[in-house]
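Colleague: Below is one structure. I have some questions about it.
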Amino acid sequence: MNSLIILLRPVIAIASGAAIGLAFGAVQAAALRRYQKKQTSGDFNSGWTVIPGSMSRVAGLLIVLALIQFVCPILFKDGIQWMVSTGLVLGYGWCLLRAFQQRRAPSV
């Protein structure tokens, strides 16, 4: 049983990090769509309304990471925390890659 936990811990760490990264990417993409909608409709009152809430979204990401660290401490010891970080980068990177591919795709 102990060896099974040792084998599954990196997989769970990468999967949980990827889930957090994908969720953060989805939130950022939704904010970008709102920004673009406001930009096309001309609803900007000042330069301060360009990307509102970006700092609060980043703070939310950090809070989620801290909560995961307290809820699942097994994912944050013996170097496994780097697997969570790797999953986070992979998840958010996937969102960025999809957005990049959509921008490069020819419009029909």
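For the structure tokens, the naming scheme is as follows: chains receive sequential letters (A, B, ...) according to their order of presentation, residues are indexed from 1 within each chain, and ligands are indexed from 1 in presentation order.
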Determine which residues of chain A DSSP labels as helix (DSSP H, G or I) from the backbone of this structure, then write them out as a PyMOL selection string.
Modeller: chain A and resi 2-41+47-49+54-71+73-76+81-104
Colleague: As a PyMOL selection string, please: the residues near A:Val89 (cut-off 10 Å, only C-alpha atoms, same-chain neighbours under 6 positions excluded).
Modeller: chain A and resi 14+17-18+20-22+83+95
Colleague: Those residues you just picked out, can you put them in a file as a PDB file, in the first residue's frame with C-alpha atoms?
Modeller:
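Wrote it out as result07.pdb, contents follow:
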ATOM      1  CA  ILE A  14       0.543  16.782 -11.674  1.00  0.00           C
ATOM      2  CA  GLY A  17      -1.749  21.235 -10.597  1.00  0.00           C
ATOM      3  CA  ALA A  18      -3.072  20.849 -14.140  1.00  0.00           C
ATOM      4  CA  ILE A  20      -5.760  24.411 -11.090  1.00  0.00           C
ATOM      5  CA  GLY A  21      -3.907  25.721 -14.161  1.00  0.00           C
ATOM      6  CA  LEU A  22      -6.818  24.894 -16.475  1.00  0.00           C
ATOM      7  CA  MET A  83       5.140  18.242  -9.671  1.00  0.00           C
ATOM      8  CA  CYS A  95      -4.905  27.338 -22.268  1.00  0.00           C
TER       9      CYS A  95
END
Colleague: If you count only C-alpha atoms, which residues fall within 10 Å of A:Ile12, apart from same-chain ones fewer than 4 positions away, as a list in words?
Modeller: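 My reading of the contact set: Ile5, Leu7, Leu8, Ser16, Gly17, Ala18, Leu75, Ile80, Met83, Val84 and Gly87 of chain A.
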Colleague: Those selected residues, please, written with all heavy atoms and delivered as a PDB file, in the first residue's frame.
Modeller:
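Here's the written file result_31.pdb:
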ATOM      1  N   ILE A   5       1.074   4.404  -2.865  1.00  0.00           N
ATOM      2  CA  ILE A   5       0.966   5.842  -2.588  1.00  0.00           C
ATOM      3  C   ILE A   5       2.172   6.574  -3.155  1.00  0.00           C
ATOM      4  O   ILE A   5       2.037   7.651  -3.743  1.00  0.00           O
ATOM      5  CB  ILE A   5       0.814   6.093  -1.077  1.00  0.00           C
ATOM      6  CG1 ILE A   5      -0.552   5.602  -0.607  1.00  0.00           C
ATOM      7  CG2 ILE A   5       0.975   7.575  -0.756  1.00  0.00           C
ATOM      8  CD1 ILE A   5      -0.751   5.650   0.883  1.00  0.00           C
ATOM      9  N   LEU A   7       3.907   5.715  -5.715  1.00  0.00           N
ATOM     10  CA  LEU A   7       3.784   5.758  -7.168  1.00  0.00           C
ATOM     11  C   LEU A   7       2.704   6.727  -7.636  1.00  0.00           C
ATOM     12  O   LEU A   7       2.850   7.378  -8.669  1.00  0.00           O
ATOM     13  CB  LEU A   7       3.463   4.357  -7.715  1.00  0.00           C
ATOM     14  CG  LEU A   7       4.599   3.341  -7.656  1.00  0.00           C
ATOM     15  CD1 LEU A   7       4.096   1.975  -8.100  1.00  0.00           C
ATOM     16  CD2 LEU A   7       5.756   3.783  -8.528  1.00  0.00           C
ATOM     17  N   LEU A   8       1.610   6.825  -6.904  1.00  0.00           N
ATOM     18  CA  LEU A   8       0.494   7.670  -7.321  1.00  0.00           C
ATOM     19  C   LEU A   8       0.670   9.142  -6.965  1.00  0.00           C
ATOM     20  O   LEU A   8       0.034  10.006  -7.568  1.00  0.00           O
ATOM     21  CB  LEU A   8      -0.808   7.161  -6.719  1.00  0.00           C
ATOM     22  CG  LEU A   8      -1.355   5.871  -7.316  1.00  0.00           C
ATOM     23  CD1 LEU A   8      -2.637   5.465  -6.606  1.00  0.00           C
ATOM     24  CD2 LEU A   8      -1.599   6.023  -8.802  1.00  0.00           C
ATOM     25  N   SER A  16      -3.560  17.483 -10.131  1.00  0.00           N
ATOM     26  CA  SER A  16      -4.172  18.576  -9.368  1.00  0.00           C
ATOM     27  C   SER A  16      -3.615  19.926  -9.817  1.00  0.00           C
ATOM     28  O   SER A  16      -4.361  20.905  -9.932  1.00  0.00           O
ATOM     29  CB  SER A  16      -3.987  18.371  -7.865  1.00  0.00           C
ATOM     30  OG  SER A  16      -2.623  18.400  -7.516  1.00  0.00           O
ATOM     31  N   GLY A  17      -2.328  19.993 -10.085  1.00  0.00           N
ATOM     32  CA  GLY A  17      -1.749  21.235 -10.597  1.00  0.00           C
ATOM     33  C   GLY A  17      -2.320  21.599 -11.955  1.00  0.00           C
ATOM     34  O   GLY A  17      -2.618  22.763 -12.220  1.00  0.00           O
ATOM     35  N   ALA A  18      -2.503  20.594 -12.818  1.00  0.00           N
ATOM     36  CA  ALA A  18      -3.072  20.849 -14.140  1.00  0.00           C
ATOM     37  C   ALA A  18      -4.515  21.328 -14.027  1.00  0.00           C
ATOM     38  O   ALA A  18      -4.934  22.223 -14.767  1.00  0.00           O
ATOM     39  CB  ALA A  18      -2.998  19.594 -15.002  1.00  0.00           C
ATOM     40  N   LEU A  75       1.026  16.382  -0.931  1.00  0.00           N
ATOM     41  CA  LEU A  75       1.466  16.851  -2.247  1.00  0.00           C
ATOM     42  C   LEU A  75       2.546  17.920  -2.154  1.00  0.00           C
ATOM     43  O   LEU A  75       3.038  18.383  -3.181  1.00  0.00           O
ATOM     44  CB  LEU A  75       0.274  17.397  -3.037  1.00  0.00           C
ATOM     45  CG  LEU A  75      -0.808  16.397  -3.410  1.00  0.00           C
ATOM     46  CD1 LEU A  75      -1.937  17.097  -4.135  1.00  0.00           C
ATOM     47  CD2 LEU A  75      -0.247  15.269  -4.247  1.00  0.00           C
ATOM     48  N   ILE A  80       7.642  16.812  -4.121  1.00  0.00           N
ATOM     49  CA  ILE A  80       6.456  16.631  -4.951  1.00  0.00           C
ATOM     50  C   ILE A  80       5.820  17.984  -5.302  1.00  0.00           C
ATOM     51  O   ILE A  80       5.104  18.107  -6.291  1.00  0.00           O
ATOM     52  CB  ILE A  80       5.438  15.690  -4.250  1.00  0.00           C
ATOM     53  CG1 ILE A  80       6.046  14.306  -4.075  1.00  0.00           C
ATOM     54  CG2 ILE A  80       4.142  15.587  -5.003  1.00  0.00           C
ATOM     55  CD1 ILE A  80       6.358  13.592  -5.369  1.00  0.00           C
ATOM     56  N   MET A  83       6.068  18.918  -8.752  1.00  0.00           N
ATOM     57  CA  MET A  83       5.140  18.242  -9.671  1.00  0.00           C
ATOM     58  C   MET A  83       3.826  19.035  -9.762  1.00  0.00           C
ATOM     59  O   MET A  83       3.235  19.139 -10.836  1.00  0.00           O
ATOM     60  CB  MET A  83       4.840  16.823  -9.203  1.00  0.00           C
ATOM     61  CG  MET A  83       6.031  15.946  -9.085  1.00  0.00           C
ATOM     62  SD  MET A  83       6.522  15.395 -10.699  1.00  0.00           S
ATOM     63  CE  MET A  83       7.845  14.317 -10.263  1.00  0.00           C
ATOM     64  N   VAL A  84       3.374  19.584  -8.634  1.00  0.00           N
ATOM     65  CA  VAL A  84       2.168  20.426  -8.643  1.00  0.00           C
ATOM     66  C   VAL A  84       2.432  21.658  -9.503  1.00  0.00           C
ATOM     67  O   VAL A  84       1.601  22.045 -10.329  1.00  0.00           O
ATOM     68  CB  VAL A  84       1.750  20.823  -7.207  1.00  0.00           C
ATOM     69  CG1 VAL A  84       0.563  21.781  -7.232  1.00  0.00           C
ATOM     70  CG2 VAL A  84       1.420  19.600  -6.378  1.00  0.00           C
ATOM     71  N   GLY A  87       2.409  20.682 -13.145  1.00  0.00           N
ATOM     72  CA  GLY A  87       1.037  20.523 -13.613  1.00  0.00           C
ATOM     73  C   GLY A  87       0.358  21.860 -13.826  1.00  0.00           C
ATOM     74  O   GLY A  87      -0.383  22.045 -14.803  1.00  0.00           O
TER      75      GLY A  87
END
Colleague: Give me the residues near A:Gly60 as a list of chain:residue names, where near means some atom within 12 Å (using only C-alpha atoms) and where sequence neighbours in that chain fewer than 6 positions away do not count.
Modeller: A:Ile20, A:Ala23, A:Phe24, A:Val27, A:Gln28, A:Gly53, A:Ser54, A:Ala66, A:Leu67
Colleague: Would you please work out which residue, of A:Ala105, A:Ala26, A:Ile74, A:Leu32, is nearest to A:Gly93 when using only C-alpha atoms?
Modeller: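 Among the listed residues, A:Ala26 lies closest to A:Gly93.
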Colleague: Could you jot down the atom CA of A:Ala30 to atom CA of A:Leu88 separation for me, Å, one decimal place?
Modeller: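 Spanning atom CA of A:Ala30 to atom CA of A:Leu88 is a straight-line distance of 18.3 Å.
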Colleague: Suppose you want the space between atom CA of A:Tyr92 and atom CA of A:Pro106; what is it in Å?
Modeller: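 For atom CA of A:Tyr92 relative to atom CA of A:Pro106, the distance reads 23.7 Å.
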Colleague: Would you mind reading off the distance between atom CA of A:Phe100 and atom CA of A:Arg33, one decimal, in Å?
Modeller: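 Result for atom CA of A:Phe100 versus atom CA of A:Arg33: 14.1 Å, one decimal.
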Colleague: Identify which of the residues A:Cys72, A:Met55, A:Leu96, A:Leu65 lies closest to A:Ala19, counting only C-alpha atoms when measuring atom-to-atom distances.
Modeller: A:Leu65
